[in-house]
Amino acid sequence: MSLIHDVLRDLDRRQAPAEQGNAVPAALQSSAAARRRPRWVLPVIAGAGLIAASVAFWWLYLPAAHPIHVHSIAEPSIRPVSPATATPPPSAALASAPTGQESIMQTPAAASLSTKAALLRALAAAAPAAPGARLSRPAPSAAPPPPQAAPTAAPTPIPATRQADRAPPAKPASSGFDSTRERALALYQSAQSLEGVDAGAAQEKYQEALRLNPRLVAARLRLAEALWSAGERNAAMDTLRAGLGLDPDNGPLALLQARFLAATEHPAAALAILLALRPAPVGNADYYGMIGTLAQQTGHLPMAREAFANALLLAPDNVRWQMGMGITLALQGKSAARPYLEQSLAAIPAHSSVARYLESLLRNLPGSSSPPSP
């Protein structure tokens, strides 16, 4: 009984506080209130914190998202660009640090980050291409490789257009005409070396050179002289006539033809050839000397005297022209012939037929009292 009584009394004691106004101890009130809080409050608080962190990250570390107008950075030096890459790639459009009113519109942290990002992009775009790259060919449309800084000692590659300008001009291919002239000249030089060894071979080479280049005057003159010396006078005259047919006013050919005519006792024809030559070779002493000789043989003494005077102006020490002037003056009865005749006698053999003829002219000069001593 006592046990039952104790249990009932304990139950009564435990129910007494609830009946006294539901008094709950202060330590247990907070836990009870916590158990009564709704379950959606904690997710809302966590979401608000995540949103706040995202906003802070976007504001501090993503300044490029702001609609900020920036200026492009000008490169310090202009680098040559190939026409194929004249249009800059999108990455080449660089942005500089905002200045003035734009920098005021940004926060200090955002302005600093924007400046650093712009400078990094400028340095990446301004880095020169690799030394082995060809600027004349555009790169494929694939993603470009990361920029690499070229060595400081490596020179900047030259665009294809400037390389073409600096390249030395290509030597033009020689035409067939030039090649023919070169072969003719080689044959002429080879024939010169054979003149004293094999006259026949030299003549053949001269003829071959003239076949390749009919206007090679030096080869024609040598061939005509060789034929004349070999006794083939008609062939020599034909060679000269063929050359004068190509160039009627060629002085050397006309002079040689006149010499051949004079040697064959045709002084008048030779003199006509020389007088008709236009333009006259006024700087050639042989031209005037030959005119003087032919004019003297044909009896045109005034013409001969003038021609010998011109020849002596060009060649004062020429014995032939001195002798020609002395003979012409002596035939005219001029005492001025004495010095020319005496100089000619001193230059030729004393007992030759020419010397005897000159001595007779000296004896017949006006004012001569006695014959000169031998």
# chains A, B, ... in the order shown; residues from 1 in each chain; ligands from 1
>>> residues_around(residues="Met323 (chain A)", least_positions_apart="3", cutoff="8 Å", atoms="only C-alpha atoms", output="PDB file with N, CA, C and O atoms, in the first residue's frame")
ATOM      1  N   VAL A 319     105.813  61.845-140.803  1.00  0.00           N
ATOM      2  CA  VAL A 319     106.744  62.103-141.905  1.00  0.00           C
ATOM      3  C   VAL A 319     106.022  62.107-143.248  1.00  0.00           C
ATOM      4  O   VAL A 319     106.344  62.897-144.140  1.00  0.00           O
ATOM      5  N   ARG A 320     105.030  61.261-143.427  1.00  0.00           N
ATOM      6  CA  ARG A 320     104.328  61.204-144.713  1.00  0.00           C
ATOM      7  C   ARG A 320     103.627  62.519-145.024  1.00  0.00           C
ATOM      8  O   ARG A 320     103.681  63.019-146.141  1.00  0.00           O
ATOM      9  N   GLY A 326     105.590  69.248-148.254  1.00  0.00           N
ATOM     10  CA  GLY A 326     106.775  69.783-148.933  1.00  0.00           C
ATOM     11  C   GLY A 326     106.683  69.621-150.435  1.00  0.00           C
ATOM     12  O   GLY A 326     107.009  70.544-151.198  1.00  0.00           O
ATOM     13  N   ILE A 327     106.241  68.443-150.910  1.00  0.00           N
ATOM     14  CA  ILE A 327     106.125  68.228-152.352  1.00  0.00           C
ATOM     15  C   ILE A 327     105.078  69.152-152.953  1.00  0.00           C
ATOM     16  O   ILE A 327     105.286  69.744-154.046  1.00  0.00           O
ATOM     17  N   TYR A 340     109.947  71.443-144.773  1.00  0.00           N
ATOM     18  CA  TYR A 340     109.254  70.146-144.851  1.00  0.00           C
ATOM     19  C   TYR A 340     110.105  69.116-145.602  1.00  0.00           C
ATOM     20  O   TYR A 340     110.184  67.948-145.188  1.00  0.00           O
ATOM     21  N   LEU A 341     110.750  69.559-146.690  1.00  0.00           N
ATOM     22  CA  LEU A 341     111.575  68.631-147.462  1.00  0.00           C
ATOM     23  C   LEU A 341     112.805  68.210-146.671  1.00  0.00           C
ATOM     24  O   LEU A 341     113.226  67.041-146.717  1.00  0.00           O
ATOM     25  N   SER A 344     111.893  65.675-144.064  1.00  0.00           N
ATOM     26  CA  SER A 344     111.603  64.378-144.689  1.00  0.00           C
ATOM     27  C   SER A 344     112.888  63.671-145.094  1.00  0.00           C
ATOM     28  O   SER A 344     113.020  62.447-144.925  1.00  0.00           O
TER      29      SER A 344
END
>>> residues_around(residues="Gly333 (chain A)", least_positions_apart="6", cutoff="9 Å", atoms="only C-alpha atoms", output="ChimeraX atom specification")
/A:364-366
>>> atom_distance(atom1="CA of Gln192 (chain A)", atom2="CA of Leu277 (chain A)")
28.7 Å
>>> atom_distance(atom1="CA of Pro252 (chain A)", atom2="CA of Ala347 (chain A)")
27.9 Å
>>> closest_residue(among="A:Asp247, A:Glu342, A:Glu306, A:Glu195", to="Thr328 (chain A)", atoms="only C-alpha atoms")
A:Glu306
>>> select_by_dssp(residues="region 287-354 of chain A", states="helix (DSSP H, G or I)", output="PyMOL selection string")
chain A and resi 287-297+301-314+319-331+337-347+353-354
